[in-house]
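In what follows, a single structure is set out as structure tokens and then discussed.
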Amino acid sequence: NNTNLYKSIAEHSHDSLNTRIETGGIIRQLFSRFLKDAERKIMSQDSRIIKVLKYIRENINHKISVNDLASLSYLSEDHFIRLFKKEMGTTPVEYVNLKKVETAQLMLVINDIPVKDVACALSFDNISYFNRLFKQVTGETPTQYRERYQ
């Protein structure tokens, strides 16, 4: 989050040049692991969908229902799902799940917390479902993913 980021930057602003360069290299190396699997971002031109995408990004650690997203865009659920799929190429549920898995990937690599805690932090009540979804999206279990990147 921004507060911790700014605090960390302030704490380390007096580090030596070699430490800052080394830290920057480590961060770039970490990001490069994610970029090799990155896909081109689809961006909507519809202001209602842009508002929904922002909401999803800011609330990824909460339960997000299609009904909430439809209300946010002032559309019926059916109309919202059709519009979202047209604009984003996927359903709202699939998109939210993908974003939750992407967040989980980052959490697994940078935090040493149990997989069940990662799932709970992203509002998954069922750990088995989280594991199945993660494997469906990434091709490996959360534990395998963590081991590969550590």
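In the structure tokens, each chain is lettered A, B, ... as it comes, each chain's residues begin at 1, and ligands are numbered from 1 in order of appearance.
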Exercise. What lies within 12 Å of A:Asp125 using only C-alpha atoms, ignoring chain neighbours under 5 positions off, as a ChimeraX atom specification?
Worked result: /A:62-63,116-120,130-131
For this session: Quick one: everything within 9 Å of A:Met88, counting only C-alpha atoms, minus sequence neighbours fewer than 2 positions away in the same chain. Send it as a ChimeraX atom specification.
Result: /A:42-44,49,83-86,90-92,95
Exercise. Within 8 Å of A:Arg146, counting only C-alpha atoms, which residues qualify if same-chain residues fewer than 4 places away don't, as a PyMOL selection string?
Worked result: chain A and resi 105+108-109+142+150
N, CA and C atoms of the current selection, written as a PDB file, in the first residue's frame:
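Result file follows (out11.pdb):
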ATOM      1  N   GLN A 105      -0.493 -14.545  -6.248  1.00  0.00           N
ATOM      2  CA  GLN A 105       0.844 -14.844  -6.758  1.00  0.00           C
ATOM      3  C   GLN A 105       1.876 -13.908  -6.128  1.00  0.00           C
ATOM      4  N   LEU A 108       2.348 -14.704  -2.403  1.00  0.00           N
ATOM      5  CA  LEU A 108       3.099 -15.943  -2.177  1.00  0.00           C
ATOM      6  C   LEU A 108       4.596 -15.746  -2.366  1.00  0.00           C
ATOM      7  N   VAL A 109       4.956 -14.859  -3.267  1.00  0.00           N
ATOM      8  CA  VAL A 109       6.375 -14.637  -3.547  1.00  0.00           C
ATOM      9  C   VAL A 109       7.012 -13.697  -2.526  1.00  0.00           C
ATOM     10  N   PRO A 142      -0.682 -23.305  -5.337  1.00  0.00           N
ATOM     11  CA  PRO A 142      -0.005 -22.187  -4.682  1.00  0.00           C
ATOM     12  C   PRO A 142       1.349 -22.588  -4.078  1.00  0.00           C
ATOM     13  N   GLN A 150      10.970 -19.151  -5.157  1.00  0.00           N
ATOM     14  CA  GLN A 150      11.810 -18.830  -3.991  1.00  0.00           C
ATOM     15  C   GLN A 150      13.155 -19.456  -4.108  1.00  0.00           C
TER      16      GLN A 150
END
Problem set entry | Which of A:Ile56, A:Leu122, A:Val137, A:Ile64 sits closest to A:Thr103 [using only C-alpha atoms] | A:Leu122
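Every protein or nucleic acid residue with an atom no more than 10 Å from A:Gln144, counting only C-alpha atoms and leaving out same-chain residues fewer than 5 positions away, appears here: Lys135, Gly139 and Tyr149 of chain A.
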For this session: For A:Asp68, please output as number ranges by chain all residues within 12 Å (counting only C-alpha atoms; exclusion window: fewer than 5 positions along the same chain).
Result: A: 52, 55-56, 59, 62-63, 73-77, 80-81, 92-93
Exercise. Which parts of chain A does DSSP call helix (DSSP H, G or I) when run on the backbone here, written out as a ChimeraX atom specification?
Worked result: /A:2-11,17-35,47-58,66-72,77-88,92-110,115-121,127-138,142-149
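In this structure, atom CA of A:Ser8 sits 22.3 Å away from atom CA of A:Ala121.
Of note, atom CA of A:Asn126 and atom CA of A:Asn61 are spaced 14.6 Å apart.
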Problem set entry | Nearest candidate to A:Ile110 (options A:Phe134, A:Phe31, A:Tyr129, A:Phe124; using only C-alpha atoms) | A:Phe31
